[in-house]
>>> print(open('start03.txt').read())   # compact mmCIF, C-alpha atoms
# COMPACT_ATOMS: atom_id res chain seq x y z
CA MET A 1 4.37 -49.09 21.18
CA ARG A 2 2.60 -49.33 17.88
CA VAL A 3 0.43 -46.30 18.76
CA LEU A 4 3.51 -44.31 19.76
CA SER A 5 5.22 -45.19 16.49
CA LEU A 6 2.21 -43.96 14.55
CA ILE A 7 2.20 -40.72 16.52
CA PHE A 8 5.88 -40.11 15.73
CA ILE A 9 5.29 -40.87 12.06
CA LEU A 10 2.40 -38.40 11.96
CA LEU A 11 4.44 -35.72 13.72
CA ALA A 12 7.27 -36.21 11.26
CA PHE A 13 4.81 -35.98 8.36
CA VAL A 14 3.28 -32.76 9.68
CA GLY A 15 6.75 -31.31 10.21
CA THR A 16 7.68 -32.16 6.64
CA ILE A 17 4.57 -30.38 5.33
CA ALA A 18 5.31 -27.31 7.47
CA ASN A 19 8.91 -27.16 6.25
CA ALA A 20 7.76 -27.54 2.65
CA GLN A 21 5.73 -24.35 3.02
CA VAL A 22 8.79 -22.25 3.87
CA SER A 23 11.57 -21.41 1.43
CA SER A 24 14.22 -18.72 1.23
CA GLY A 25 16.77 -17.34 -1.18
CA TYR A 26 18.70 -14.38 -2.53
CA ALA A 27 17.68 -12.35 -5.56
CA PRO A 28 20.11 -10.23 -7.62
CA VAL A 29 18.28 -6.88 -7.79
CA ASN A 30 19.71 -3.46 -8.65
CA GLY A 31 23.24 -4.35 -7.56
CA ILE A 32 22.44 -6.08 -4.27
CA ARG A 33 21.64 -9.64 -3.17
CA MET A 34 18.25 -9.32 -1.53
CA TYR A 35 17.30 -11.96 1.01
CA TYR A 36 13.70 -13.16 1.02
CA GLU A 37 11.54 -15.84 2.60
CA ILE A 38 8.30 -17.37 1.36
CA HIS A 39 5.87 -18.79 3.91
CA GLY A 40 2.48 -20.42 3.51
CA GLU A 41 0.40 -20.93 0.39
CA GLY A 42 -2.03 -18.97 -1.73
CA GLN A 43 -2.53 -17.20 -5.01
CA ARG A 44 -1.84 -13.52 -4.35
CA PRO A 45 0.97 -13.06 -1.79
CA VAL A 46 1.32 -10.36 0.84
CA VAL A 47 4.81 -8.85 0.95
CA LEU A 48 6.14 -7.90 4.41
CA ILE A 49 8.67 -5.06 4.67
CA HIS A 50 10.45 -4.57 8.01
CA GLY A 51 11.28 -1.38 9.88
CA GLY A 52 14.53 0.58 10.00
CA GLY A 53 17.42 -1.28 11.60
CA SER A 54 15.35 -4.45 11.67
CA THR A 55 15.20 -7.92 10.20
CA ILE A 56 12.29 -10.12 9.19
CA GLU A 57 12.41 -11.72 12.63
CA SER A 58 12.58 -8.55 14.71
CA SER A 59 9.65 -6.89 12.94
CA PHE A 60 7.42 -9.85 12.14
CA HIS A 61 8.14 -12.62 14.65
CA TYR A 62 4.49 -12.64 15.75
CA LEU A 63 2.63 -11.30 12.71
CA LEU A 64 4.22 -13.43 9.99
CA PRO A 65 3.01 -16.87 11.16
CA LEU A 66 -0.49 -15.49 11.80
CA LEU A 67 -0.74 -14.28 8.21
CA ALA A 68 1.04 -17.32 6.73
CA ALA A 69 -1.58 -19.61 8.26
CA HIS A 70 -4.05 -18.34 5.65
CA ARG A 71 -2.04 -17.02 2.68
CA ARG A 72 1.33 -16.88 0.99
CA VAL A 73 3.70 -14.41 2.65
CA ILE A 74 6.90 -13.05 1.12
CA ALA A 75 9.14 -11.36 3.70
CA VAL A 76 12.18 -9.37 2.57
CA GLU A 77 15.25 -7.72 4.05
CA LEU A 78 16.18 -4.38 2.53
CA GLN A 79 19.53 -2.92 1.50
CA ALA A 80 22.23 -3.42 4.19
CA HIS A 81 19.72 -4.99 6.60
CA GLY A 82 19.92 -8.53 7.95
CA ARG A 83 21.17 -10.91 5.28
CA THR A 84 20.84 -8.51 2.33
CA SER A 85 24.02 -6.98 0.93
CA ASP A 86 24.80 -3.28 0.65
CA ARG A 87 25.60 -1.04 -2.31
CA ASP A 88 27.79 2.02 -2.65
CA SER A 89 24.88 4.46 -2.43
CA PRO A 90 22.62 5.88 0.28
CA GLU A 91 19.41 4.25 1.41
CA SER A 92 16.14 5.84 0.34
CA PHE A 93 12.50 4.85 0.46
CA GLN A 94 12.32 5.23 -3.31
CA GLN A 95 15.28 2.88 -3.87
CA ASP A 96 13.85 0.35 -1.41
CA ALA A 97 10.57 0.45 -3.32
CA ASP A 98 12.38 -0.19 -6.60
CA ASP A 99 14.33 -3.07 -5.02
CA VAL A 100 11.17 -4.78 -3.75
CA ALA A 101 9.53 -4.30 -7.15
CA ALA A 102 12.57 -5.88 -8.84
CA LEU A 103 12.40 -8.81 -6.42
CA LEU A 104 8.79 -9.51 -7.35
CA ARG A 105 9.63 -9.42 -11.03
CA TYR A 106 12.54 -11.79 -10.35
CA LEU A 107 10.07 -14.13 -8.65
CA GLN A 108 7.67 -13.66 -11.60
CA ILE A 109 4.92 -12.28 -9.39
CA GLY A 110 2.69 -9.84 -11.24
CA ASN A 111 0.53 -8.56 -8.40
CA ALA A 112 0.70 -8.58 -4.60
CA ASP A 113 -0.53 -7.01 -1.40
CA PHE A 114 2.03 -5.07 0.66
CA LEU A 115 2.38 -4.55 4.40
CA GLY A 116 5.21 -2.54 5.87
CA PHE A 117 6.14 -1.38 9.35
CA SER A 118 7.78 1.98 10.19
CA ASN A 119 10.35 2.66 7.43
CA GLY A 120 8.79 -0.34 5.72
CA GLY A 121 5.44 1.44 5.86
CA SER A 122 6.92 4.42 4.04
CA THR A 123 8.47 2.03 1.52
CA VAL A 124 5.03 0.50 0.90
CA LEU A 125 3.69 3.99 0.11
CA GLN A 126 6.48 4.47 -2.42
CA ILE A 127 5.78 1.09 -4.01
CA ALA A 128 2.15 2.13 -4.51
CA ILE A 129 3.29 5.48 -5.98
CA ARG A 130 6.10 4.18 -8.21
CA HIS A 131 4.89 0.68 -9.14
CA PRO A 132 1.08 0.75 -9.15
CA ASP A 133 0.96 -2.17 -11.61
CA LEU A 134 2.37 -4.49 -8.93
CA VAL A 135 -0.01 -3.43 -6.18
CA ASN A 136 -3.36 -4.86 -5.17
CA LYS A 137 -3.80 -3.47 -1.61
CA ILE A 138 -1.47 -1.78 0.88
CA VAL A 139 -1.19 -1.74 4.68
CA PRO A 140 1.34 0.89 5.82
CA ILE A 141 1.88 0.57 9.59
CA SER A 142 3.50 3.56 11.33
CA GLY A 143 4.66 5.00 8.02
CA VAL A 144 5.43 8.68 7.42
CA TYR A 145 5.49 11.02 4.43
CA ARG A 146 6.14 14.42 6.05
CA ARG A 147 8.71 15.53 8.61
CA ASP A 148 6.03 17.06 10.82
CA GLY A 149 4.47 13.59 11.12
CA LEU A 150 7.08 12.52 13.67
CA VAL A 151 7.12 13.47 17.35
CA PRO A 152 8.72 16.84 18.19
CA GLY A 153 12.49 16.64 18.57
CA PHE A 154 12.94 13.54 16.40
CA PHE A 155 14.85 15.22 13.58
CA GLU A 156 16.77 17.53 15.92
CA SER A 157 18.16 14.54 17.82
CA MET A 158 19.00 12.46 14.74
CA PRO A 159 22.42 13.99 13.85
CA LYS A 160 23.70 13.23 17.38
CA ALA A 161 22.42 9.64 17.45
CA THR A 162 25.01 6.89 17.99
CA LEU A 163 24.79 3.12 17.67
CA ASN A 164 24.14 2.97 21.42
CA VAL A 165 20.66 4.46 20.95
CA MET A 166 19.67 1.59 18.68
CA PRO A 167 17.56 -0.89 20.70
CA ALA A 168 19.77 -3.74 21.90
CA ILE A 169 17.32 -6.34 20.56
CA LEU A 170 17.71 -4.93 17.03
CA ARG A 171 21.50 -4.99 17.29
CA GLU A 172 21.36 -8.59 18.52
CA ASP A 173 18.97 -9.68 15.76
CA PHE A 174 21.17 -8.11 13.07
CA LEU A 175 24.31 -9.77 14.41
CA LYS A 176 22.53 -13.11 14.67
CA GLU A 177 21.93 -13.04 10.91
CA THR A 178 25.12 -11.17 9.92
CA PRO A 179 27.78 -11.43 12.64
CA ASP A 180 29.76 -8.39 11.51
CA THR A 181 29.87 -5.26 13.70
CA VAL A 182 31.23 -3.16 10.82
CA LYS A 183 28.20 -3.98 8.68
CA LEU A 184 25.94 -3.24 11.64
CA LEU A 185 27.48 0.22 12.00
CA VAL A 186 27.22 0.89 8.25
CA MET A 187 23.54 -0.06 8.29
CA PHE A 188 22.92 2.19 11.31
CA GLN A 189 24.69 5.15 9.70
CA LYS A 190 22.76 4.72 6.45
CA ASP A 191 19.43 4.48 8.29
CA LYS A 192 20.36 7.59 10.27
CA GLN A 193 21.39 9.54 7.16
CA ARG A 194 18.18 8.55 5.38
CA MET A 195 16.17 10.31 8.08
CA ILE A 196 18.49 13.33 8.29
CA ASP A 197 18.08 13.83 4.53
CA PHE A 198 14.35 13.03 4.47
CA LYS A 199 12.25 15.59 2.59
CA ASP A 200 8.48 15.87 2.62
CA TRP A 201 6.50 14.12 -0.07
CA SER A 202 3.58 16.02 -1.53
CA ASP A 203 -0.06 15.31 -0.83
CA ASP A 204 -0.40 14.78 -4.58
CA ASP A 205 2.04 11.86 -4.31
CA LEU A 206 -0.33 10.15 -1.90
CA ARG A 207 -3.42 11.17 -3.86
CA SER A 208 -1.94 9.31 -6.83
CA ILE A 209 -2.23 6.01 -4.94
CA LYS A 210 -5.08 4.01 -6.50
CA ALA A 211 -4.69 0.84 -4.42
CA PRO A 212 -7.08 0.33 -1.50
CA ALA A 213 -5.20 1.22 1.68
CA MET A 214 -5.55 0.55 5.39
CA ILE A 215 -3.37 2.88 7.46
CA ILE A 216 -2.42 1.63 10.95
CA SER A 217 -0.52 3.20 13.84
CA SER A 218 -0.54 3.40 17.64
CA ASP A 219 -1.84 6.21 19.84
CA ARG A 220 1.59 6.72 21.49
CA ASP A 221 3.58 6.05 18.34
CA VAL A 222 6.67 7.88 17.12
CA ILE A 223 4.34 8.83 14.28
CA MET A 224 1.81 11.43 15.39
CA PRO A 225 -1.80 10.14 15.29
CA GLU A 226 -2.72 13.34 13.47
CA HIS A 227 -0.29 12.41 10.71
CA THR A 228 -1.76 8.94 10.35
CA LEU A 229 -5.23 10.52 10.11
CA ARG A 230 -3.95 12.95 7.48
CA MET A 231 -2.58 10.08 5.37
CA ALA A 232 -5.90 8.26 5.58
CA ARG A 233 -7.72 11.38 4.41
CA VAL A 234 -5.30 12.14 1.56
CA ILE A 235 -5.11 8.62 0.07
CA PRO A 236 -8.39 8.11 -1.78
CA GLY A 237 -10.76 5.79 0.10
CA ALA A 238 -8.19 4.76 2.72
CA ARG A 239 -9.26 3.08 5.97
CA LEU A 240 -7.80 4.12 9.33
CA VAL A 241 -6.89 2.05 12.40
CA ILE A 242 -5.27 3.50 15.53
CA LEU A 243 -4.55 0.98 18.29
CA PRO A 244 -3.36 1.59 21.85
CA GLY A 245 0.36 1.33 22.43
CA VAL A 246 3.77 2.51 21.30
CA HIS A 247 5.75 2.19 18.08
CA GLY A 248 5.53 -1.46 17.04
CA SER A 249 2.87 -2.55 19.56
CA SER A 250 0.41 -3.23 16.77
CA ILE A 251 2.55 -6.08 15.42
CA GLY A 252 4.61 -7.04 18.48
CA ALA A 253 7.82 -5.69 16.89
CA ALA A 254 10.92 -6.41 18.96
CA GLU A 255 11.68 -2.77 19.79
CA ALA A 256 8.21 -2.26 21.27
CA GLY A 257 9.13 -4.57 24.15
CA VAL A 258 5.53 -5.72 24.62
CA GLY A 259 5.70 -9.31 23.38
CA LYS A 260 2.84 -10.27 21.11
CA GLY A 261 1.14 -6.90 21.67
CA TYR A 262 -1.83 -6.49 19.38
CA ALA A 263 -0.46 -8.76 16.64
CA GLU A 264 -3.49 -11.07 16.67
CA ILE A 265 -5.90 -8.14 16.39
CA THR A 266 -3.83 -6.59 13.61
CA ALA A 267 -3.66 -9.93 11.78
CA ARG A 268 -7.45 -10.26 11.88
CA LEU A 269 -7.92 -6.70 10.63
CA VAL A 270 -5.41 -7.24 7.84
CA GLU A 271 -6.98 -10.56 6.82
CA GLU A 272 -10.44 -9.02 6.60
CA PHE A 273 -9.14 -6.03 4.64
CA LEU A 274 -7.18 -8.13 2.15
CA ASP A 275 -9.98 -10.64 1.66
CA ASN A 276 -12.77 -8.15 0.95
>>> encode(input="start03.txt", output="structure tokens")
Amino acid sequence: MRVLSLIFILLAFVGTIANAQVSSGYAPVNGIRMYYEIHGEGQRPVVLIHGGGSTIESSFHYLLPLLAAHRRVIAVELQAHGRTSDRDSPESFQQDADDVAALLRYLQIGNADFLGFSNGGSTVLQIAIRHPDLVNKIVPISGVYRRDGLVPGFFESMPKATLNVMPAILREDFLKETPDTVKLLVMFQKDKQRMIDFKDWSDDDLRSIKAPAMIISSDRDVIMPEHTLRMARVIPGARLVILPGVHGSSIGAAEAGVGKGYAEITARLVEEFLDN
């Protein structure tokens, strides 16, 4: 009995330490209340930015704990997504970048690494372009900067898209955090309009990025492999990783439907890149 009591005490102690390494909150930035979570410990954090229509959980369920085991991780939810409020203006990658930058200044963080998936990958590119003082290294995963970087037919189908085409798992994850179908529809419409209105960025925009970059995508991604290669060639000194799989396989994102996917491989690649 005494041994069992000691075991329970130790388990409770370990659980207390684990819980102490996770915190969350809301930051007032640029007219919205941005939800964020902080996991793990370390000096320079890595900021995780989810994909379109997603939450922290749906994009980073597998990747986040792998990274947080070795460093401090700050995960955010962008305008109208998950637990973050909306504003009376459209979504844009530039505005998302400014919101994340404002969050870091609110948290009094002067420099960070940034990893983003899908729309979050494009947001990471804009952070590096617009806020270079905040950026140490970047890892855009399945990001895009030109319309021809997406598979043929993507933009033609976008105006006709309805909420029903949104993966059910993403709808469920949103409603789990914000049980409001009206807000879900607003978020979907704003995500959709962002892509309808999307205009190419120039190669010079990407050439202006001074931060070391590792560009990642999948060989059967929504983003064309040729586009990912182009980004890696345009951004000075960028590294390139193309893994097998579909959109989100590299991190086990919910919409990929592959479970853990290549999240452990991606985590190891990211760790090595950020540490060297």
>>> atom_distance(input="start03.txt", atom1="CA of Val46 (chain A)", atom2="CA of Val73 (chain A)")
5.0 Å
>>> atom_distance(input="start03.txt", atom1="CA of Val270 (chain A)", atom2="CA of Arg71 (chain A)")
11.6 Å
>>> atom_distance(input="start03.txt", atom1="CA of Val29 (chain A)", atom2="CA of Glu271 (chain A)")
29.4 Å
>>> residues_around(input="start03.txt", residues="Gly143 (chain A)", least_positions_apart="2", cutoff="9 Å", atoms="all atoms listed in the file", output="ChimeraX atom specification")
/A:116-125,140-141,145,215-217,223,228
>>> closest_atom_pairs(input="start03.txt", of="region 194-274 of chain A", to="region 62-67 of chain A", cutoff="12 Å", atoms="all atoms listed in the file", output="tab-separated table")
residue	atom	partner	partner_atom	distance
A:Gly248	CA	A:Leu63	CA	11.1
A:Ser249	CA	A:Tyr62	CA	10.9
A:Ser250	CA	A:Leu63	CA	9.3
A:Ile251	CA	A:Leu63	CA	5.9
A:Gly252	CA	A:Tyr62	CA	6.2
A:Ala253	CA	A:Tyr62	CA	7.8
A:Ala254	CA	A:Tyr62	CA	9.5
A:Val258	CA	A:Tyr62	CA	11.3
A:Gly259	CA	A:Tyr62	CA	8.4
A:Lys260	CA	A:Tyr62	CA	6.1
A:Gly261	CA	A:Tyr62	CA	8.9
A:Tyr262	CA	A:Leu63	CA	9.4
A:Ala263	CA	A:Leu63	CA	5.6
A:Glu264	CA	A:Leu66	CA	7.2
A:Ile265	CA	A:Leu63	CA	9.8
A:Thr266	CA	A:Leu63	CA	8.0
A:Ala267	CA	A:Leu67	CA	6.3
A:Arg268	CA	A:Leu67	CA	8.6
A:Leu269	CA	A:Leu67	CA	10.7
A:Val270	CA	A:Leu67	CA	8.5
A:Glu271	CA	A:Leu67	CA	7.4
A:Glu272	CA	A:Leu67	CA	11.2
A:Leu274	CA	A:Leu67	CA	10.8
>>> write_last_selection(input="start03.txt", atoms="C-alpha atoms", output="PDB file, in the coordinates of the input")
ATOM      1  CA  GLY A 248       5.530  -1.460  17.040  1.00  0.00           C
ATOM      2  CA  SER A 249       2.870  -2.550  19.560  1.00  0.00           C
ATOM      3  CA  SER A 250       0.410  -3.230  16.770  1.00  0.00           C
ATOM      4  CA  ILE A 251       2.550  -6.080  15.420  1.00  0.00           C
ATOM      5  CA  GLY A 252       4.610  -7.040  18.480  1.00  0.00           C
ATOM      6  CA  ALA A 253       7.820  -5.690  16.890  1.00  0.00           C
ATOM      7  CA  ALA A 254      10.920  -6.410  18.960  1.00  0.00           C
ATOM      8  CA  VAL A 258       5.530  -5.720  24.620  1.00  0.00           C
ATOM      9  CA  GLY A 259       5.700  -9.310  23.380  1.00  0.00           C
ATOM     10  CA  LYS A 260       2.840 -10.270  21.110  1.00  0.00           C
ATOM     11  CA  GLY A 261       1.140  -6.900  21.670  1.00  0.00           C
ATOM     12  CA  TYR A 262      -1.830  -6.490  19.380  1.00  0.00           C
ATOM     13  CA  ALA A 263      -0.460  -8.760  16.640  1.00  0.00           C
ATOM     14  CA  GLU A 264      -3.490 -11.070  16.670  1.00  0.00           C
ATOM     15  CA  ILE A 265      -5.900  -8.140  16.390  1.00  0.00           C
ATOM     16  CA  THR A 266      -3.830  -6.590  13.610  1.00  0.00           C
ATOM     17  CA  ALA A 267      -3.660  -9.930  11.780  1.00  0.00           C
ATOM     18  CA  ARG A 268      -7.450 -10.260  11.880  1.00  0.00           C
ATOM     19  CA  LEU A 269      -7.920  -6.700  10.630  1.00  0.00           C
ATOM     20  CA  VAL A 270      -5.410  -7.240   7.840  1.00  0.00           C
ATOM     21  CA  GLU A 271      -6.980 -10.560   6.820  1.00  0.00           C
ATOM     22  CA  GLU A 272     -10.440  -9.020   6.600  1.00  0.00           C
ATOM     23  CA  LEU A 274      -7.180  -8.130   2.150  1.00  0.00           C
TER      24      LEU A 274
END
>>> residues_around(input="start03.txt", residues="Ala232 (chain A)", least_positions_apart="2", cutoff="10 Å", atoms="all atoms listed in the file", output="number ranges by chain")
A: 206, 213-216, 226-230, 234-241
>>> write_last_selection(input="start03.txt", atoms="C-alpha atoms", output="compact mmCIF listing (two decimals), in the coordinates of the input")
# COMPACT_ATOMS: atom_id res chain seq x y z
CA LEU A 206 -0.33 10.15 -1.90
CA ALA A 213 -5.20 1.22 1.68
CA MET A 214 -5.55 0.55 5.39
CA ILE A 215 -3.37 2.88 7.46
CA ILE A 216 -2.42 1.63 10.95
CA GLU A 226 -2.72 13.34 13.47
CA HIS A 227 -0.29 12.41 10.71
CA THR A 228 -1.76 8.94 10.35
CA LEU A 229 -5.23 10.52 10.11
CA ARG A 230 -3.95 12.95 7.48
CA VAL A 234 -5.30 12.14 1.56
CA ILE A 235 -5.11 8.62 0.07
CA PRO A 236 -8.39 8.11 -1.78
CA GLY A 237 -10.76 5.79 0.10
CA ALA A 238 -8.19 4.76 2.72
CA ARG A 239 -9.26 3.08 5.97
CA LEU A 240 -7.80 4.12 9.33
CA VAL A 241 -6.89 2.05 12.40
>>> residues_around(input="start03.txt", residues="region 31-35 of chain A", least_positions_apart="4", cutoff="8 Å", atoms="all atoms listed in the file", output="MDAnalysis selection string")
chainID A and resid 24:27 76:79 83:87 103
>>> closest_residue(input="start03.txt", among="A:Ser58, A:Leu107, A:Phe273, A:Gly82", to="Ile38 (chain A)", atoms="all atoms listed in the file")
A:Leu107
>>> axis_aligned_box(input="start03.txt", around="region 203-216 of chain A", padding_each_side="8 Å", output="AutoDock Vina command-line options")
--center_x -2.5 --center_y 7.8 --center_z 2.1 --size_x 25.1 --size_y 31.0 --size_z 33.8
>>> residues_around(input="start03.txt", residues="region 171-178 of chain A", least_positions_apart="2", cutoff="10 Å", atoms="all atoms listed in the file", output="PyMOL selection string")
chain A and resi 53-58+81-85+163-164+166-169+180-181+183-185+187-188+254
>>> residues_around(input="start03.txt", residues="Ile129 (chain A)", least_positions_apart="2", cutoff="8 Å", atoms="all atoms listed in the file", output="mmCIF file with C-alpha atoms, keeping the file's coordinate frame")
data_model
loop_
_atom_site.group_PDB
_atom_site.id
_atom_site.type_symbol
_atom_site.label_atom_id
_atom_site.label_comp_id
_atom_site.auth_asym_id
_atom_site.auth_seq_id
_atom_site.Cartn_x
_atom_site.Cartn_y
_atom_site.Cartn_z
ATOM 1 C CA LEU A 125 3.690 3.990 0.110
ATOM 2 C CA GLN A 126 6.480 4.470 -2.420
ATOM 3 C CA ILE A 127 5.780 1.090 -4.010
ATOM 4 C CA HIS A 131 4.890 0.680 -9.140
ATOM 5 C CA PRO A 132 1.080 0.750 -9.150
ATOM 6 C CA ASP A 205 2.040 11.860 -4.310
ATOM 7 C CA LEU A 206 -0.330 10.150 -1.900
ATOM 8 C CA SER A 208 -1.940 9.310 -6.830
ATOM 9 C CA ILE A 209 -2.230 6.010 -4.940
#
>>> closest_residue(input="start03.txt", among="A:Arg220, A:Leu115, A:Lys199, A:Pro212", to="Gln94 (chain A)", atoms="all atoms listed in the file")
A:Lys199
>>> decode(input="start03.txt", residues="region 236-256 of chain A", atoms="N, CA and C atoms", output="compact mmCIF listing (two decimals), in the first residue's frame")
# COMPACT_ATOMS: atom_id res chain seq x y z
N PRO A 236 16.26 33.61 -50.41
CA PRO A 236 17.71 33.40 -50.33
C PRO A 236 18.09 32.31 -49.32
N GLY A 237 18.82 31.30 -49.80
CA GLY A 237 19.36 30.27 -48.93
C GLY A 237 18.37 29.29 -48.36
N ALA A 238 17.13 29.28 -48.87
CA ALA A 238 16.09 28.43 -48.28
C ALA A 238 16.39 26.95 -48.52
N ARG A 239 15.98 26.11 -47.56
CA ARG A 239 16.05 24.66 -47.68
C ARG A 239 14.70 24.14 -48.16
N LEU A 240 14.69 22.97 -48.78
CA LEU A 240 13.48 22.40 -49.36
C LEU A 240 13.26 20.98 -48.88
N VAL A 241 12.03 20.67 -48.46
CA VAL A 241 11.64 19.31 -48.06
C VAL A 241 10.31 18.99 -48.72
N ILE A 242 10.25 17.91 -49.51
CA ILE A 242 8.99 17.43 -50.05
C ILE A 242 8.81 15.99 -49.60
N LEU A 243 7.75 15.75 -48.83
CA LEU A 243 7.46 14.44 -48.28
C LEU A 243 6.32 13.77 -49.05
N PRO A 244 6.23 12.46 -49.00
CA PRO A 244 5.09 11.79 -49.63
C PRO A 244 3.79 12.16 -48.92
N GLY A 245 2.70 12.17 -49.68
CA GLY A 245 1.42 12.38 -49.03
C GLY A 245 0.60 13.49 -49.64
N VAL A 246 -0.49 13.81 -48.95
CA VAL A 246 -1.44 14.83 -49.40
C VAL A 246 -1.31 16.06 -48.51
N HIS A 247 -2.18 17.03 -48.75
CA HIS A 247 -2.18 18.27 -47.98
C HIS A 247 -2.37 17.96 -46.50
N GLY A 248 -1.37 18.28 -45.69
CA GLY A 248 -1.47 18.06 -44.25
C GLY A 248 -0.82 16.79 -43.76
N SER A 249 -0.44 15.88 -44.67
CA SER A 249 0.20 14.63 -44.24
C SER A 249 1.47 14.88 -43.44
N SER A 250 2.19 15.91 -43.81
CA SER A 250 3.50 16.15 -43.18
C SER A 250 3.39 16.45 -41.69
N ILE A 251 2.22 16.91 -41.24
CA ILE A 251 2.05 17.22 -39.82
C ILE A 251 0.91 16.43 -39.18
N GLY A 252 0.25 15.57 -39.95
CA GLY A 252 -0.90 14.84 -39.43
C GLY A 252 -2.09 15.73 -39.19
N ALA A 253 -2.26 16.79 -40.02
CA ALA A 253 -3.40 17.69 -39.86
C ALA A 253 -4.71 16.92 -40.04
N ALA A 254 -5.74 17.36 -39.35
CA ALA A 254 -7.00 16.61 -39.31
C ALA A 254 -7.56 16.33 -40.69
N GLU A 255 -7.51 17.34 -41.59
CA GLU A 255 -8.14 17.17 -42.89
C GLU A 255 -7.41 16.18 -43.79
N ALA A 256 -6.16 15.85 -43.44
CA ALA A 256 -5.41 14.88 -44.24
C ALA A 256 -5.97 13.48 -44.06
